[in-house]
Amino acid sequence: MTLRISLALKRKQIVDLVLELQKFIENYQVKPYVSRKREIDILCYTNLFFPPVIGILFVMCFFDNFEEIREEFKPDVLEYCTQHSLEERILILLFTFAYTLHFYVTSLLCITMFITIFEVYENALKQMLMETYKLLRKNISLRNLANASELILEAQKMHQKIEDVLSFSIFLAYVLVFVNFLNLVSVNTMTTTSPSIQFRAVACTLIFFWTTSSFIKLTLTGSKLIDICDLWKFLQKEIVRNCSRRRIKNQDQLTYFLLFLEESNVDLAFTGWGIFRLDRSLLLTISEALVSYSVLVATV
């Protein structure tokens, strides 16, 4: 709920961010932008329909113990049709679809939006840095250095805008992982084996693994930005090595080149509200935290 509210409050900022990102690509990307609309549509439709379908099928599997698990659903919703088993079951399926759509599909679609924005920015930045490297390798003129500096400056500004708009929501998205995990642990530590508890345990397990897979993809996508920055550091060394062979004689050109190397250090990373960086080591940190909490809860 908090994740959806944070995004709803920044709806205008997110729309402006997407427009600015598109403008950034059009102005600075040398090669034409290749649309990934089809891939994004498939991912959105998967997140939109898969969880509700799984939820409905899952509820139908428990219809054999219907009377024992019906307390999981709101009694006031079912009160007027208690005498009609078929209508009651249809209503439960509709309730399951709406419940899954409201609480899980919207968060997954939000994560899909994060992933898409990250990938578009990262692909554009990588291509721009590669083109800058090729340009400076051929000719280290003042014009090329000025264009390269402008490009890197605009890329850093674009990254900061993404951080300002999305970083807090990304932090809440990762908090959601721990909430789902704690819910899963609390259900599985119950000693009773009633169908109602089994119903909740299986439901929490499905929700946890489905959402966790999305967070893993989000983390891996965000970590690509760090890889691109490391690539640029290597390309800078290649540019310096190539310049040392040419022996720049123009004093002004050499000065501008040294200034360019000083200001073109790119150390960017997507973060969760500035608290943690989205890199591969974060997956290990989260895994360690989940295992520690599991042991702690199991021993209490």
# chains A, B, ... in the order shown; residues from 1 in each chain; ligands from 1
>>> closest_atom_pairs(of="stretch 110-156 of chain A", to="stretch 210-230 of chain A", cutoff="10 Å", atoms="only C-alpha atoms", output="JSON lines")
{"residue": "A:Ile111", "atom": "CA", "partner": "A:Leu218", "partner_atom": "CA", "distance": 7.1}
{"residue": "A:Thr112", "atom": "CA", "partner": "A:Ser214", "partner_atom": "CA", "distance": 8.1}
{"residue": "A:Met113", "atom": "CA", "partner": "A:Leu218", "partner_atom": "CA", "distance": 9.9}
{"residue": "A:Phe114", "atom": "CA", "partner": "A:Leu218", "partner_atom": "CA", "distance": 7.4}
{"residue": "A:Ile115", "atom": "CA", "partner": "A:Leu218", "partner_atom": "CA", "distance": 5.7}
{"residue": "A:Thr116", "atom": "CA", "partner": "A:Thr221", "partner_atom": "CA", "distance": 9.1}
{"residue": "A:Ile117", "atom": "CA", "partner": "A:Gly222", "partner_atom": "CA", "distance": 9.9}
{"residue": "A:Phe118", "atom": "CA", "partner": "A:Gly222", "partner_atom": "CA", "distance": 6.4}
{"residue": "A:Glu119", "atom": "CA", "partner": "A:Thr221", "partner_atom": "CA", "distance": 6.7}
{"residue": "A:Tyr121", "atom": "CA", "partner": "A:Leu225", "partner_atom": "CA", "distance": 8.8}
{"residue": "A:Glu122", "atom": "CA", "partner": "A:Leu225", "partner_atom": "CA", "distance": 5.9}
{"residue": "A:Asn123", "atom": "CA", "partner": "A:Leu225", "partner_atom": "CA", "distance": 9.1}
{"residue": "A:Leu125", "atom": "CA", "partner": "A:Ile228", "partner_atom": "CA", "distance": 8.0}
{"residue": "A:Lys126", "atom": "CA", "partner": "A:Ile228", "partner_atom": "CA", "distance": 6.2}
{"residue": "A:Gln127", "atom": "CA", "partner": "A:Ile228", "partner_atom": "CA", "distance": 9.8}
{"residue": "A:Leu129", "atom": "CA", "partner": "A:Ile228", "partner_atom": "CA", "distance": 8.7}
{"residue": "A:Met130", "atom": "CA", "partner": "A:Ile228", "partner_atom": "CA", "distance": 10.0}
>>> residues_around(residues="A:Thr205", least_positions_apart="6", cutoff="10 Å", atoms="only C-alpha atoms", output="list in words")
Asn180, Phe181, Asn183, Leu184, Val185, Val187 and Asn188 of chain A
>>> atom_distance(atom1="atom CA of A:Leu282", atom2="atom CA of A:Ile162")
19.8 Å
>>> select_by_dssp(residues="stretch 139-293 of chain A", states="helix (DSSP H, G or I)", output="short mmCIF file (atom, residue, chain, number, x, y, z; two decimals) with N, CA, C and O atoms, in the first residue's frame")
data_model
loop_
_atom_site.label_atom_id
_atom_site.label_comp_id
_atom_site.auth_asym_id
_atom_site.auth_seq_id
_atom_site.Cartn_x
_atom_site.Cartn_y
_atom_site.Cartn_z
N LEU A 142 39.46 19.91 -29.20
CA LEU A 142 38.74 20.64 -28.17
C LEU A 142 37.23 20.48 -28.35
O LEU A 142 36.48 20.40 -27.36
N ARG A 143 36.79 20.43 -29.59
CA ARG A 143 35.37 20.24 -29.87
C ARG A 143 34.87 18.89 -29.36
O ARG A 143 33.82 18.81 -28.71
N ASN A 144 35.64 17.84 -29.64
CA ASN A 144 35.24 16.50 -29.19
C ASN A 144 35.27 16.39 -27.67
O ASN A 144 34.40 15.74 -27.07
N LEU A 145 36.25 17.02 -27.05
CA LEU A 145 36.32 17.00 -25.58
C LEU A 145 35.13 17.74 -24.98
O LEU A 145 34.56 17.30 -23.96
N ALA A 146 34.75 18.87 -25.58
CA ALA A 146 33.61 19.63 -25.07
C ALA A 146 32.32 18.84 -25.23
O ALA A 146 31.48 18.80 -24.31
N ASN A 147 32.16 18.18 -26.37
CA ASN A 147 30.94 17.37 -26.59
C ASN A 147 30.88 16.20 -25.62
O ASN A 147 29.82 15.87 -25.09
N ALA A 148 32.03 15.56 -25.39
CA ALA A 148 32.06 14.43 -24.46
C ALA A 148 31.76 14.88 -23.03
O ALA A 148 31.03 14.20 -22.29
N SER A 149 32.29 16.03 -22.64
CA SER A 149 32.02 16.55 -21.30
C SER A 149 30.55 16.88 -21.12
O SER A 149 29.95 16.60 -20.07
N GLU A 150 29.95 17.47 -22.15
CA GLU A 150 28.53 17.80 -22.09
C GLU A 150 27.67 16.54 -21.97
O GLU A 150 26.72 16.49 -21.19
N LEU A 151 28.04 15.52 -22.73
CA LEU A 151 27.29 14.26 -22.68
C LEU A 151 27.33 13.63 -21.29
O LEU A 151 26.31 13.21 -20.75
N ILE A 152 28.53 13.58 -20.71
CA ILE A 152 28.68 12.96 -19.39
C ILE A 152 27.94 13.78 -18.34
O ILE A 152 27.30 13.22 -17.43
N LEU A 153 27.99 15.10 -18.45
CA LEU A 153 27.28 15.95 -17.51
C LEU A 153 25.78 15.73 -17.59
O LEU A 153 25.09 15.62 -16.56
N GLU A 154 25.24 15.65 -18.80
CA GLU A 154 23.81 15.41 -18.97
C GLU A 154 23.41 14.02 -18.48
O GLU A 154 22.32 13.83 -17.92
N ALA A 155 24.28 13.04 -18.68
CA ALA A 155 24.00 11.68 -18.19
C ALA A 155 23.94 11.66 -16.67
O ALA A 155 23.08 10.98 -16.08
N GLN A 156 24.83 12.40 -16.03
CA GLN A 156 24.82 12.47 -14.56
C GLN A 156 23.57 13.18 -14.06
O GLN A 156 22.98 12.79 -13.05
N LYS A 157 23.14 14.24 -14.78
CA LYS A 157 21.92 14.94 -14.39
C LYS A 157 20.70 14.01 -14.54
O LYS A 157 19.81 14.00 -13.68
N MET A 158 20.68 13.24 -15.62
CA MET A 158 19.56 12.32 -15.84
C MET A 158 19.51 11.25 -14.77
O MET A 158 18.44 10.89 -14.27
N HIS A 159 20.67 10.77 -14.38
CA HIS A 159 20.74 9.77 -13.31
C HIS A 159 20.21 10.36 -11.99
O HIS A 159 19.48 9.69 -11.25
N GLN A 160 20.58 11.58 -11.71
CA GLN A 160 20.13 12.22 -10.47
C GLN A 160 18.62 12.41 -10.47
O GLN A 160 17.95 12.25 -9.42
N LYS A 161 18.04 12.72 -11.63
CA LYS A 161 16.59 12.86 -11.71
C LYS A 161 15.89 11.53 -11.45
O LYS A 161 14.86 11.48 -10.76
N ILE A 162 16.45 10.46 -11.98
CA ILE A 162 15.88 9.13 -11.72
C ILE A 162 15.95 8.81 -10.24
O ILE A 162 15.00 8.28 -9.65
N GLU A 163 17.07 9.13 -9.62
CA GLU A 163 17.23 8.89 -8.19
C GLU A 163 16.23 9.70 -7.37
O GLU A 163 15.61 9.19 -6.43
N ASP A 164 16.07 10.96 -7.71
CA ASP A 164 15.17 11.83 -6.95
C ASP A 164 13.71 11.33 -7.01
O ASP A 164 12.98 11.42 -6.02
N VAL A 165 13.33 10.80 -8.15
CA VAL A 165 11.93 10.40 -8.34
C VAL A 165 11.66 8.99 -7.82
O VAL A 165 10.63 8.73 -7.19
N LEU A 166 12.60 8.06 -8.03
CA LEU A 166 12.30 6.64 -7.80
C LEU A 166 12.97 6.01 -6.59
O LEU A 166 12.56 4.92 -6.17
N SER A 167 14.00 6.63 -6.04
CA SER A 167 14.81 5.93 -5.03
C SER A 167 14.00 5.56 -3.79
O SER A 167 14.17 4.46 -3.23
N PHE A 168 13.10 6.43 -3.32
CA PHE A 168 12.32 6.11 -2.14
C PHE A 168 11.34 4.96 -2.42
O PHE A 168 11.17 4.07 -1.58
N SER A 169 10.73 4.96 -3.58
CA SER A 169 9.82 3.87 -3.94
C SER A 169 10.57 2.55 -4.08
O SER A 169 10.04 1.49 -3.73
N ILE A 170 11.80 2.61 -4.58
CA ILE A 170 12.62 1.40 -4.68
C ILE A 170 12.94 0.87 -3.29
O ILE A 170 12.92 -0.35 -3.04
N PHE A 171 13.21 1.76 -2.37
CA PHE A 171 13.44 1.34 -0.98
C PHE A 171 12.22 0.62 -0.41
O PHE A 171 12.34 -0.44 0.22
N LEU A 172 11.04 1.17 -0.65
CA LEU A 172 9.81 0.53 -0.17
C LEU A 172 9.59 -0.82 -0.84
O LEU A 172 9.06 -1.75 -0.22
N ALA A 173 10.00 -0.93 -2.10
CA ALA A 173 9.84 -2.21 -2.80
C ALA A 173 10.68 -3.30 -2.14
O ALA A 173 10.24 -4.44 -2.01
N TYR A 174 11.88 -2.94 -1.70
CA TYR A 174 12.71 -3.94 -1.03
C TYR A 174 12.20 -4.25 0.38
O TYR A 174 12.36 -5.37 0.86
N VAL A 175 11.60 -3.26 1.00
CA VAL A 175 10.97 -3.53 2.31
C VAL A 175 9.85 -4.55 2.14
O VAL A 175 9.62 -5.40 3.02
N LEU A 176 9.17 -4.51 1.01
CA LEU A 176 8.08 -5.45 0.74
C LEU A 176 8.58 -6.89 0.75
O LEU A 176 7.85 -7.80 1.14
N VAL A 177 9.81 -7.10 0.32
CA VAL A 177 10.38 -8.46 0.35
C VAL A 177 10.43 -8.98 1.78
O VAL A 177 10.04 -10.12 2.07
N PHE A 178 10.91 -8.15 2.71
CA PHE A 178 11.01 -8.57 4.09
C PHE A 178 9.63 -8.76 4.73
O PHE A 178 9.43 -9.66 5.54
N VAL A 179 8.67 -7.92 4.34
CA VAL A 179 7.31 -8.08 4.86
C VAL A 179 6.73 -9.42 4.43
O VAL A 179 6.16 -10.17 5.24
N ASN A 180 6.88 -9.76 3.15
CA ASN A 180 6.39 -11.04 2.66
C ASN A 180 7.13 -12.20 3.31
O ASN A 180 6.53 -13.24 3.61
N PHE A 181 8.42 -12.01 3.54
CA PHE A 181 9.19 -13.08 4.17
C PHE A 181 8.77 -13.30 5.61
O PHE A 181 8.58 -14.44 6.05
N LEU A 182 8.61 -12.22 6.37
CA LEU A 182 8.18 -12.36 7.76
C LEU A 182 6.79 -12.97 7.85
O LEU A 182 6.51 -13.77 8.76
N ASN A 183 5.92 -12.60 6.92
CA ASN A 183 4.59 -13.20 6.88
C ASN A 183 4.69 -14.70 6.62
O ASN A 183 3.98 -15.50 7.23
N LEU A 184 5.58 -15.08 5.71
CA LEU A 184 5.77 -16.50 5.39
C LEU A 184 6.31 -17.27 6.59
O LEU A 184 5.83 -18.36 6.91
N VAL A 185 7.30 -16.70 7.28
CA VAL A 185 7.89 -17.38 8.44
C VAL A 185 6.88 -17.51 9.56
O VAL A 185 6.77 -18.57 10.20
N SER A 186 6.12 -16.44 9.82
CA SER A 186 5.14 -16.49 10.92
C SER A 186 4.07 -17.54 10.67
O SER A 186 3.62 -18.21 11.61
N VAL A 187 3.67 -17.72 9.43
CA VAL A 187 2.65 -18.73 9.12
C VAL A 187 3.21 -20.13 9.25
O VAL A 187 2.56 -21.03 9.81
N ASN A 188 4.43 -20.34 8.78
CA ASN A 188 5.01 -21.68 8.80
C ASN A 188 5.47 -22.11 10.18
O ASN A 188 5.74 -23.31 10.39
N PRO A 195 -6.61 -27.01 7.63
CA PRO A 195 -6.61 -26.59 6.23
C PRO A 195 -6.49 -25.08 6.07
O PRO A 195 -5.91 -24.59 5.10
N SER A 196 -7.03 -24.33 7.03
CA SER A 196 -6.95 -22.88 6.94
C SER A 196 -5.50 -22.40 7.01
O SER A 196 -5.08 -21.53 6.24
N ILE A 197 -4.72 -22.96 7.93
CA ILE A 197 -3.31 -22.58 8.04
C ILE A 197 -2.52 -23.06 6.84
O ILE A 197 -1.64 -22.36 6.33
N GLN A 198 -2.82 -24.26 6.37
CA GLN A 198 -2.15 -24.76 5.17
C GLN A 198 -2.44 -23.86 3.97
O GLN A 198 -1.56 -23.60 3.14
N PHE A 199 -3.66 -23.39 3.89
CA PHE A 199 -4.05 -22.49 2.82
C PHE A 199 -3.20 -21.22 2.85
O PHE A 199 -2.65 -20.78 1.83
N ARG A 200 -3.07 -20.64 4.02
CA ARG A 200 -2.30 -19.42 4.15
C ARG A 200 -0.82 -19.66 3.90
O ARG A 200 -0.13 -18.82 3.29
N ALA A 201 -0.29 -20.81 4.34
CA ALA A 201 1.13 -21.11 4.17
C ALA A 201 1.50 -21.24 2.69
O ALA A 201 2.49 -20.67 2.23
N VAL A 202 0.68 -21.97 1.96
CA VAL A 202 0.96 -22.13 0.52
C VAL A 202 0.81 -20.80 -0.21
O VAL A 202 1.60 -20.46 -1.10
N ALA A 203 -0.21 -20.02 0.16
CA ALA A 203 -0.42 -18.72 -0.47
C ALA A 203 0.76 -17.78 -0.22
O ALA A 203 1.25 -17.12 -1.14
N CYS A 204 1.24 -17.74 1.02
CA CYS A 204 2.38 -16.88 1.35
C CYS A 204 3.65 -17.33 0.62
O CYS A 204 4.46 -16.50 0.21
N THR A 205 3.80 -18.63 0.47
CA THR A 205 4.98 -19.15 -0.23
C THR A 205 4.98 -18.73 -1.69
O THR A 205 6.00 -18.28 -2.24
N LEU A 206 3.82 -18.87 -2.35
CA LEU A 206 3.71 -18.46 -3.76
C LEU A 206 3.97 -16.97 -3.92
O LEU A 206 4.70 -16.54 -4.83
N ILE A 207 3.39 -16.18 -3.04
CA ILE A 207 3.57 -14.73 -3.12
C ILE A 207 5.02 -14.35 -2.91
O ILE A 207 5.58 -13.51 -3.63
N PHE A 208 5.67 -14.98 -1.93
CA PHE A 208 7.05 -14.64 -1.62
C PHE A 208 7.98 -14.94 -2.79
O PHE A 208 8.78 -14.10 -3.20
N PHE A 209 7.87 -16.13 -3.37
CA PHE A 209 8.77 -16.50 -4.45
C PHE A 209 8.49 -15.71 -5.73
O PHE A 209 9.41 -15.39 -6.48
N TRP A 210 7.22 -15.39 -5.98
CA TRP A 210 6.90 -14.61 -7.18
C TRP A 210 7.43 -13.18 -7.07
O TRP A 210 8.02 -12.66 -8.01
N THR A 211 7.25 -12.56 -5.92
CA THR A 211 7.75 -11.19 -5.75
C THR A 211 9.28 -11.17 -5.66
O THR A 211 9.91 -10.25 -6.19
N THR A 212 9.86 -12.18 -5.02
CA THR A 212 11.32 -12.22 -4.90
C THR A 212 11.99 -12.32 -6.26
O THR A 212 13.04 -11.69 -6.50
N SER A 213 11.40 -13.09 -7.18
CA SER A 213 11.97 -13.19 -8.52
C SER A 213 12.00 -11.82 -9.21
O SER A 213 12.96 -11.50 -9.93
N SER A 214 10.98 -11.01 -8.98
CA SER A 214 10.95 -9.67 -9.57
C SER A 214 12.02 -8.78 -8.96
O SER A 214 12.68 -7.99 -9.66
N PHE A 215 12.24 -8.92 -7.65
CA PHE A 215 13.27 -8.10 -6.99
C PHE A 215 14.67 -8.51 -7.42
O PHE A 215 15.56 -7.66 -7.51
N ILE A 216 14.86 -9.79 -7.69
CA ILE A 216 16.17 -10.24 -8.18
C ILE A 216 16.46 -9.62 -9.54
O ILE A 216 17.56 -9.13 -9.80
N LYS A 217 15.45 -9.62 -10.41
CA LYS A 217 15.64 -9.00 -11.73
C LYS A 217 15.88 -7.50 -11.60
O LYS A 217 16.71 -6.94 -12.32
N LEU A 218 15.18 -6.86 -10.68
CA LEU A 218 15.38 -5.42 -10.47
C LEU A 218 16.81 -5.15 -10.00
O LEU A 218 17.46 -4.21 -10.47
N THR A 219 17.31 -5.97 -9.09
CA THR A 219 18.67 -5.78 -8.58
C THR A 219 19.70 -6.01 -9.67
O THR A 219 20.66 -5.23 -9.81
N LEU A 220 19.54 -7.08 -10.44
CA LEU A 220 20.49 -7.37 -11.52
C LEU A 220 20.47 -6.28 -12.59
O LEU A 220 21.51 -5.91 -13.13
N THR A 221 19.27 -5.75 -12.87
CA THR A 221 19.18 -4.67 -13.84
C THR A 221 19.87 -3.41 -13.33
O THR A 221 20.60 -2.74 -14.06
N GLY A 222 19.63 -3.06 -12.07
CA GLY A 222 20.27 -1.89 -11.49
C GLY A 222 21.78 -2.02 -11.41
O GLY A 222 22.51 -1.03 -11.53
N SER A 223 22.28 -3.26 -11.21
CA SER A 223 23.73 -3.46 -11.09
C SER A 223 24.47 -3.25 -12.41
O SER A 223 25.68 -3.05 -12.42
N LYS A 224 23.74 -3.28 -13.53
CA LYS A 224 24.40 -3.06 -14.83
C LYS A 224 24.99 -1.66 -14.93
O LYS A 224 25.97 -1.45 -15.65
N LEU A 225 24.40 -0.70 -14.21
CA LEU A 225 24.93 0.66 -14.25
C LEU A 225 26.33 0.71 -13.67
O LEU A 225 27.21 1.43 -14.17
N ILE A 226 26.58 -0.06 -12.62
CA ILE A 226 27.92 -0.12 -12.03
C ILE A 226 28.90 -0.75 -13.01
O ILE A 226 30.05 -0.31 -13.13
N ASP A 227 28.44 -1.78 -13.73
CA ASP A 227 29.30 -2.40 -14.74
C ASP A 227 29.66 -1.42 -15.86
O ASP A 227 30.79 -1.41 -16.35
N ILE A 228 28.70 -0.58 -16.24
CA ILE A 228 28.96 0.41 -17.29
C ILE A 228 29.99 1.44 -16.82
O ILE A 228 30.87 1.85 -17.58
N CYS A 229 29.88 1.84 -15.55
CA CYS A 229 30.87 2.78 -15.00
C CYS A 229 32.27 2.16 -14.96
O CYS A 229 33.27 2.84 -15.26
N ASP A 230 32.35 0.89 -14.61
CA ASP A 230 33.64 0.20 -14.63
C ASP A 230 34.19 0.10 -16.05
O ASP A 230 35.40 0.22 -16.28
N LEU A 231 33.29 -0.14 -17.01
CA LEU A 231 33.72 -0.18 -18.41
C LEU A 231 34.28 1.16 -18.85
O LEU A 231 35.30 1.21 -19.56
N TRP A 232 33.65 2.26 -18.43
CA TRP A 232 34.13 3.58 -18.81
C TRP A 232 35.50 3.86 -18.22
O TRP A 232 36.34 4.52 -18.86
N LYS A 233 35.76 3.39 -17.01
CA LYS A 233 37.09 3.57 -16.42
C LYS A 233 38.15 2.87 -17.27
O LYS A 233 39.26 3.40 -17.46
N PHE A 234 37.81 1.69 -17.75
CA PHE A 234 38.74 0.97 -18.63
C PHE A 234 38.93 1.72 -19.95
O PHE A 234 40.05 1.83 -20.45
N LEU A 235 37.85 2.25 -20.50
CA LEU A 235 37.95 3.00 -21.76
C LEU A 235 38.77 4.27 -21.59
O LEU A 235 39.48 4.69 -22.52
N GLN A 236 38.66 4.90 -20.43
CA GLN A 236 39.49 6.09 -20.16
C GLN A 236 40.97 5.74 -20.23
O GLN A 236 41.77 6.50 -20.79
N LYS A 237 41.34 4.61 -19.67
CA LYS A 237 42.74 4.18 -19.71
C LYS A 237 43.18 3.93 -21.15
O LYS A 237 44.32 4.24 -21.53
N GLU A 238 42.28 3.37 -21.95
CA GLU A 238 42.60 3.14 -23.35
C GLU A 238 42.80 4.46 -24.10
O GLU A 238 43.68 4.58 -24.95
N ILE A 239 41.98 5.45 -23.76
CA ILE A 239 42.13 6.77 -24.39
C ILE A 239 43.48 7.39 -24.02
O ILE A 239 44.19 7.94 -24.87
N VAL A 240 43.83 7.30 -22.75
CA VAL A 240 45.12 7.84 -22.29
C VAL A 240 46.28 7.12 -22.97
O VAL A 240 47.26 7.74 -23.42
N ARG A 241 46.17 5.81 -23.08
CA ARG A 241 47.24 5.02 -23.72
C ARG A 241 47.39 5.41 -25.20
O ARG A 241 48.51 5.53 -25.71
N ASN A 242 46.26 5.63 -25.83
CA ASN A 242 46.30 6.02 -27.24
C ASN A 242 46.89 7.42 -27.41
O ASN A 242 47.64 7.69 -28.36
N CYS A 243 46.57 8.33 -26.46
CA CYS A 243 47.10 9.70 -26.53
C CYS A 243 48.60 9.72 -26.26
O CYS A 243 49.34 10.55 -26.83
N SER A 244 49.06 8.86 -25.38
CA SER A 244 50.49 8.84 -25.07
C SER A 244 51.33 8.44 -26.29
O SER A 244 52.48 8.86 -26.42
N ARG A 245 50.73 7.66 -27.16
CA ARG A 245 51.45 7.27 -28.37
C ARG A 245 51.50 8.41 -29.37
O ARG A 245 52.47 8.54 -30.13
N ARG A 246 50.46 9.25 -29.38
CA ARG A 246 50.42 10.36 -30.33
C ARG A 246 51.27 11.55 -29.88
O ARG A 246 51.64 12.39 -30.69
N GLN A 251 49.65 22.65 -26.12
CA GLN A 251 49.55 22.77 -24.67
C GLN A 251 48.11 22.93 -24.21
O GLN A 251 47.69 22.33 -23.22
N ASP A 252 47.35 23.73 -24.92
CA ASP A 252 45.93 23.92 -24.55
C ASP A 252 45.14 22.62 -24.69
O ASP A 252 44.31 22.29 -23.85
N GLN A 253 45.41 21.92 -25.76
CA GLN A 253 44.71 20.65 -25.98
C GLN A 253 45.04 19.65 -24.88
O GLN A 253 44.15 18.94 -24.38
N LEU A 254 46.30 19.61 -24.46
CA LEU A 254 46.71 18.71 -23.39
C LEU A 254 46.05 19.11 -22.07
O LEU A 254 45.60 18.24 -21.30
N THR A 255 45.97 20.41 -21.82
CA THR A 255 45.33 20.89 -20.59
C THR A 255 43.87 20.52 -20.54
O THR A 255 43.37 20.02 -19.52
N TYR A 256 43.17 20.75 -21.65
CA TYR A 256 41.76 20.40 -21.70
C TYR A 256 41.55 18.89 -21.57
O TYR A 256 40.57 18.43 -20.96
N PHE A 257 42.47 18.14 -22.13
CA PHE A 257 42.36 16.69 -22.04
C PHE A 257 42.51 16.21 -20.59
O PHE A 257 41.76 15.34 -20.12
N LEU A 258 43.45 16.80 -19.87
CA LEU A 258 43.64 16.44 -18.45
C LEU A 258 42.41 16.85 -17.62
O LEU A 258 42.00 16.12 -16.71
N LEU A 259 41.85 18.02 -17.93
CA LEU A 259 40.64 18.45 -17.24
C LEU A 259 39.47 17.50 -17.54
O LEU A 259 38.66 17.19 -16.66
N PHE A 260 39.41 17.06 -18.79
CA PHE A 260 38.35 16.12 -19.17
C PHE A 260 38.48 14.82 -18.38
O PHE A 260 37.47 14.28 -17.88
N LEU A 261 39.68 14.30 -18.26
CA LEU A 261 39.88 13.07 -17.50
C LEU A 261 39.49 13.25 -16.03
O LEU A 261 38.99 12.33 -15.39
N GLU A 262 39.72 14.46 -15.52
CA GLU A 262 39.40 14.73 -14.12
C GLU A 262 37.90 14.79 -13.88
O GLU A 262 37.39 14.26 -12.88
N GLU A 263 37.17 15.39 -14.80
CA GLU A 263 35.73 15.59 -14.60
C GLU A 263 34.87 14.47 -15.17
O GLU A 263 33.67 14.43 -14.91
N ARG A 280 25.08 -6.56 -7.26
CA ARG A 280 24.92 -8.01 -7.04
C ARG A 280 25.18 -8.40 -5.60
O ARG A 280 24.59 -9.36 -5.10
N SER A 281 26.05 -7.68 -4.92
CA SER A 281 26.33 -8.01 -3.52
C SER A 281 25.11 -7.80 -2.64
O SER A 281 25.01 -8.40 -1.56
N LEU A 282 24.16 -6.97 -3.11
CA LEU A 282 22.94 -6.76 -2.34
C LEU A 282 22.13 -8.05 -2.22
O LEU A 282 21.49 -8.30 -1.20
N LEU A 283 22.16 -8.88 -3.27
CA LEU A 283 21.45 -10.16 -3.21
C LEU A 283 22.02 -11.05 -2.11
O LEU A 283 21.27 -11.72 -1.39
N LEU A 284 23.34 -11.05 -1.98
CA LEU A 284 23.96 -11.83 -0.92
C LEU A 284 23.60 -11.28 0.45
O LEU A 284 23.32 -12.04 1.39
N THR A 285 23.58 -9.95 0.56
CA THR A 285 23.22 -9.33 1.84
C THR A 285 21.79 -9.66 2.24
O THR A 285 21.51 -9.99 3.40
N ILE A 286 20.88 -9.58 1.28
CA ILE A 286 19.48 -9.91 1.57
C ILE A 286 19.34 -11.38 1.94
O ILE A 286 18.60 -11.73 2.88
N SER A 287 20.05 -12.25 1.23
CA SER A 287 19.98 -13.69 1.55
C SER A 287 20.48 -13.96 2.95
O SER A 287 19.88 -14.75 3.70
N GLU A 288 21.57 -13.30 3.33
CA GLU A 288 22.10 -13.48 4.69
C GLU A 288 21.09 -13.01 5.74
O GLU A 288 20.90 -13.65 6.77
N ALA A 289 20.45 -11.87 5.45
CA ALA A 289 19.46 -11.34 6.40
C ALA A 289 18.27 -12.28 6.53
O ALA A 289 17.77 -12.53 7.63
N LEU A 290 17.81 -12.82 5.41
CA LEU A 290 16.66 -13.74 5.44
C LEU A 290 16.98 -15.01 6.20
O LEU A 290 16.17 -15.51 6.99
N VAL A 291 18.18 -15.54 5.97
CA VAL A 291 18.58 -16.75 6.69
C VAL A 291 18.70 -16.48 8.19
O VAL A 291 18.27 -17.27 9.03
N SER A 292 19.27 -15.33 8.55
CA SER A 292 19.42 -14.98 9.97
C SER A 292 18.07 -14.84 10.66
O SER A 292 17.86 -15.37 11.76
N TYR A 293 17.12 -14.16 10.00
CA TYR A 293 15.79 -14.02 10.57
C TYR A 293 15.09 -15.37 10.68
O TYR A 293 14.35 -15.62 11.63
#
>>> atom_distance(atom1="atom CA of A:Ser6", atom2="atom CA of A:Val53")
27.3 Å
>>> atom_distance(atom1="atom CA of A:Ser107", atom2="atom CA of A:Val15")
17.7 Å
>>> residues_around(residues="A:Asp41", least_positions_apart="4", cutoff="12 Å", atoms="only C-alpha atoms", output="PyMOL selection string")
chain A and resi 35-37+45-48+109+112-113+116
